[in-house]
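> Quick one: the structure is below, questions incoming.
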Amino acid sequence: NRIGYSQNEQYKIVSRDSKKPVSYATVKIVTKPGGVFASETGEFFLQVDQRDTILITSVGFEPLRIAGSQIQSVIEMIPKTVKLPPVEIRNKKEIKELLLGNSDLKKKPWSYWGPGMSVEFAQKIIFPDISKTYHIKRVIIPVRTLRCYGTFLLRFYLPDTLNGLPGEEVFLRKIQPDKKMVKKGMVYIDLYEEDLTFHDVPFFYVSFSWLPET
């Protein structure tokens with residue numbers, strides 16, 4: 001019974017202030033495994049039930065939840081404008097290398113969603129001590145096994161407070177691997193210049209996905 005579903009409707013995400021497209025936003029249906037990514041021009045296709053709740057996140061914007069019955073063809077996201085006061089960081093621990101995946105493929109450490117080449121692979125990273133502040137310095141992704149040789153998107157998510165799944169997107173970078181980055185079937189992504197710091201959270205998600213079709 002498909003009553004109440006839109007048939008692959010097209011939507012576009014823009015900034016409420018500038019009306020410019022919000023590129024590569026993550027669009028997920030809460031409580032369902034499905035989800036898609038907006039293109040560079042902010043466009044995406046999604047089948048939405050009126051009873052669904054849509055969660056849209058993008059770096060630099062407030063997370064947006066929309067009821068399926070209220071979603072519009074043009075979706076406006078609100079830029080983040082609140083600046084937090086300086087915080088003195090103590091008991092800081094640097095994670096120099098964060099190796100994704102697992103040498104034992106039978107353990108299947110990856111979860112994923114999204115159709116076709118828009119599939120996203122995400123791994124949950126649990127912090128051993130919530131009282132510490134963690135700074136991520138480098139991410140290593142095995143590419144020989146996962147066949148990730150083209151341009152892809154690297155994302156970090158905070159957990160959703162409702163279901164513990166990937167929620168607010170806090171980091172996004174487009175990665176074009178070159179020969180210097182790829183060593184023995186691994187892509188080494190240096191994040192030394194990024195302020196990727198996590199405090200007072202039990203875990204987060206790191207993911208990669210191929211660029212969505214435009």
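Lettering and numbering for the structure tokens are positional, with chains as A, B, ... in the shown order, residues counted from 1 in each chain, and ligands counted from 1 in the shown order.
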Got a sec: who's within 9 Å of Glu9 of chain A, counting only C-alpha atoms, leaving out chain neighbours fewer than 3 positions off, as number ranges by chain?

A: 6, 44-48, 73

> Go ahead and save the picked residues with N, CA and C atoms, as an mmCIF file, in the first residue's frame.


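Output saved as selection-v8.cif:
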```cif
data_model
loop_
_atom_site.group_PDB
_atom_site.id
_atom_site.type_symbol
_atom_site.label_atom_id
_atom_site.label_comp_id
_atom_site.auth_asym_id
_atom_site.auth_seq_id
_atom_site.Cartn_x
_atom_site.Cartn_y
_atom_site.Cartn_z
ATOM 1 N N SER A 6 4.811 10.290 -1.881
ATOM 2 C CA SER A 6 5.124 11.023 -3.092
ATOM 3 C C SER A 6 6.083 10.171 -3.899
ATOM 4 N N PHE A 44 17.750 17.207 -4.295
ATOM 5 C CA PHE A 44 17.684 15.776 -3.997
ATOM 6 C C PHE A 44 16.301 15.249 -4.315
ATOM 7 N N PHE A 45 16.217 13.931 -4.493
ATOM 8 C CA PHE A 45 14.953 13.248 -4.716
ATOM 9 C C PHE A 45 14.698 12.335 -3.529
ATOM 10 N N LEU A 46 13.460 12.309 -3.050
ATOM 11 C CA LEU A 46 13.134 11.468 -1.906
ATOM 12 C C LEU A 46 11.653 11.126 -1.911
ATOM 13 N N GLN A 47 11.360 9.898 -1.532
ATOM 14 C CA GLN A 47 9.978 9.445 -1.399
ATOM 15 C C GLN A 47 9.577 9.612 0.064
ATOM 16 N N VAL A 48 8.609 10.466 0.312
ATOM 17 C CA VAL A 48 8.245 10.844 1.682
ATOM 18 C C VAL A 48 6.798 10.471 1.968
ATOM 19 N N SER A 73 8.756 22.042 -1.664
ATOM 20 C CA SER A 73 9.738 21.760 -2.719
ATOM 21 C C SER A 73 11.041 22.523 -2.503
#
```

> When you look at segment 171-179 of chain A with a cut-off of 10 Å (counting only C-alpha atoms), what residues show up, excluding the ones that are within fewer than 4 positions of it in the same chain? I need them as a PyMOL selection string.

chain A and resi 24-25+58-60+148-158+183+187-189+194-196+206-211

> Find the residue from A:Ile56, A:Leu162, A:Ile130, A:Val36 that sits nearest to Ile13 of chain A; use only C-alpha atoms when measuring.

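Closest to Ile13 of chain A, using only C-alpha atoms: A:Ile56.
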
> To one decimal place in Å, what is the distance between atom CA of Met77 of chain A and atom CA of Leu55 of chain A?

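Here the two named atoms are 11.3 Å from each other.
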
> Can you pull out the residues contacting Arg51 of chain A? Cut-off 7 Å, using only C-alpha atoms, and skip same-chain residues under 2 positions away; I want them as a PyMOL selection string.

chain A and resi 49+53+68-69

> Based on the selection just made, write N, CA and C atoms of those residues as a compact mmCIF listing (two decimals), in the first residue's frame.


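What ended up in out.txt:
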```
# COMPACT_ATOMS: atom_id res chain seq x y z
N ASP A 49 6.60 9.82 3.11
CA ASP A 49 5.25 9.53 3.58
C ASP A 49 4.81 10.69 4.49
N THR A 53 9.07 11.82 9.51
CA THR A 53 9.77 13.02 9.97
C THR A 53 11.12 13.05 9.27
N GLY A 68 6.57 15.03 7.30
CA GLY A 68 6.36 14.69 5.91
C GLY A 68 5.17 15.40 5.30
N SER A 69 4.18 15.70 6.11
CA SER A 69 2.98 16.38 5.61
C SER A 69 3.22 17.86 5.35
```

> Within 10 Å of Gln72 of chain A, counting only C-alpha atoms, which residues qualify if same-chain residues fewer than 2 places away don't, as a VMD selection string?

chain A and resid 10 to 13 66 68 to 70 74 to 76
